[in-house]
Amino acid sequence: MTARRFELPPLDLLPAFEAAARTLSFTRAAAELFLTQSAVSRQIKTLEERLGCVLFERRTRALRLTDAGQDLYRVTAEVLDRLRRTVARLHREPPPGMLTVTTTPGLASLWLIPRLQRLRALHPQIELRIAATNDVLDLERARIDVAIRYGIPQSQPPGAVSLFGEEAFPVCSPALIAAPSQRLETPSDLSRHVLLHLDYPSARGSWLDWETWLTALGVADLQPAGALHFTHYDQMIHAAMAGQGIALGRTPMIGQLIRDRKLVPPLARTAALPRAYFVVASALAAGKPQVQAFTAWLHAEVALDAGLDAAP
């Protein structure tokens, strides 16, 4: 006759045990689980009776786990944590037609989102989810289909396809320099204006840094009228459009804003940036029709921008 497997205790008792063991308090466990203190105490007592051992040393106004309690807590905490993470992942499971794309907040806000109406008109079946972050996410682990990544070519993974490079130059609102007293015709005229800075680690010492620009323009000792600092590029550009100062713009990210005359480049000086944008498809999603359609649309949009910029 084969031995019976040891019977598990009622699993609905384990959350109360885990909370009490973690907080070492029936009262705090009860508050966390929206139960009464006596209900938690009864569940722990029932669990001890079913296991045939004492799990807590009950002291005056204090609890302490026994050796058996510590053993059970280690296993219970791990199992419940894995269950919670699995349930959370299942809740995040995307619908079959959804396409999840990650990119930087700046590119999402200034370049991608304004043209999504054209994507919808061309591919109405694609349900798009945008995960905007400066973090380089693991596409498979985060269940992301496509990334539009910013960086140097050498840092891109195999299969990455170049989308576009960038040029940088000062930009501002047309209204900001409309008055004669605010003219901006030479680099020294920057002293009349507030300079908008991007506080981002990789910006320092690059063409996205005003100190680099002022040195290149021959006015390294220039004292501007003021300074505003931003941690996100799109925030800085919106401040420039609102007439709050001069920003360092990047094309083609702000190309449409320049074509619409929401921003103008007052100084005829540009600099090519060493970084660029690349399209990376998840290995798990590369064959999906919506991934192929989306990446083809991205390249068509880049070609459209190039044609508009080349037009007289």
# chains A, B, ... in the order shown; residues from 1 in each chain; ligands from 1
>>> closest_atom_pairs(of="region 70-145 of chain A", to="region 225-240 of chain A", cutoff="10 Å", atoms="only C-alpha atoms", output="CSV")
residue,atom,partner,partner_atom,distance
A:Thr104,CA,A:Tyr233,CA,9.4
A:Pro105,CA,A:Asp234,CA,7.2
A:Gly106,CA,A:Asp234,CA,4.8
A:Leu107,CA,A:Asp234,CA,8.0
A:Ala108,CA,A:Asp234,CA,8.9
A:Ser109,CA,A:Asp234,CA,6.5
A:Leu110,CA,A:Asp234,CA,6.6
A:Trp111,CA,A:Asp234,CA,10.0
A:Asn134,CA,A:His232,CA,9.5
>>> residues_around(residues="Ala21 (chain A)", least_positions_apart="4", cutoff="8 Å", atoms="only C-alpha atoms", output="ChimeraX atom specification")
/A:17,25,65,69,73
>>> closest_residue(among="A:Asp309, A:Glu185, A:Glu166, A:Asp221", to="Met253 (chain A)", atoms="only C-alpha atoms")
A:Glu166
>>> select_by_dssp(residues="region 269-306 of chain A", states="alpha helix (DSSP H)", output="ChimeraX atom specification")
/A:289-306
>>> select_by_dssp(residues="region 177-257 of chain A", states="strand (DSSP E)", output="list in words")
Val194, Leu195, Leu196, His197, Leu198, Gly226, Ala227, Leu228, His229, Phe230, Ala247, Leu248, Gly249, Arg250 and Thr251 of chain A
>>> residues_around(residues="Leu80 (chain A)", least_positions_apart="5", cutoff="10 Å", atoms="only C-alpha atoms", output="VMD selection string")
chain A and resid 14 to 15 18 75 85 to 86
>>> write_last_selection(atoms="C-alpha atoms", output="JSON list (two decimals), in the first residue's frame")
[["chain", "number", "residue", "atom", "x", "y", "z"],
["A", 14, "LEU", "CA", -1.71, 31.13, 4.69],
["A", 15, "PRO", "CA", -2.24, 34.86, 3.88],
["A", 18, "GLU", "CA", 2.27, 35.37, 6.17],
["A", 75, "VAL", "CA", 8.24, 29.03, 2.00],
["A", 85, "ARG", "CA", 3.59, 38.42, -9.57],
["A", 86, "THR", "CA", 2.05, 35.79, -11.84]]
>>> residues_around(residues="region 297-307 of chain A", least_positions_apart="5", cutoff="9 Å", atoms="only C-alpha atoms", output="list in words")
Leu112, Arg115, Leu119, Leu122, Leu163, Phe164, Pro252, Gly255, Gln256, Val279 and Gln292 of chain A
>>> write_last_selection(atoms="C-alpha atoms", output="compact mmCIF listing (two decimals), in the first residue's frame")
# COMPACT_ATOMS: atom_id res chain seq x y z
CA LEU A 112 5.40 59.69 -32.49
CA ARG A 115 1.32 61.43 -36.22
CA LEU A 119 -1.16 55.22 -38.44
CA LEU A 122 -3.59 53.22 -42.55
CA LEU A 163 15.53 55.11 -38.15
CA PHE A 164 17.14 58.57 -38.26
CA PRO A 252 13.79 65.51 -37.10
CA GLY A 255 10.84 69.14 -37.66
CA GLN A 256 7.06 69.51 -37.81
CA VAL A 279 14.07 50.27 -34.33
CA GLN A 292 5.98 44.51 -39.60
>>> residues_around(residues="Val280 (chain A)", least_positions_apart="6", cutoff="6 Å", atoms="only C-alpha atoms", output="PyMOL selection string")
chain A and resi 146-147+160
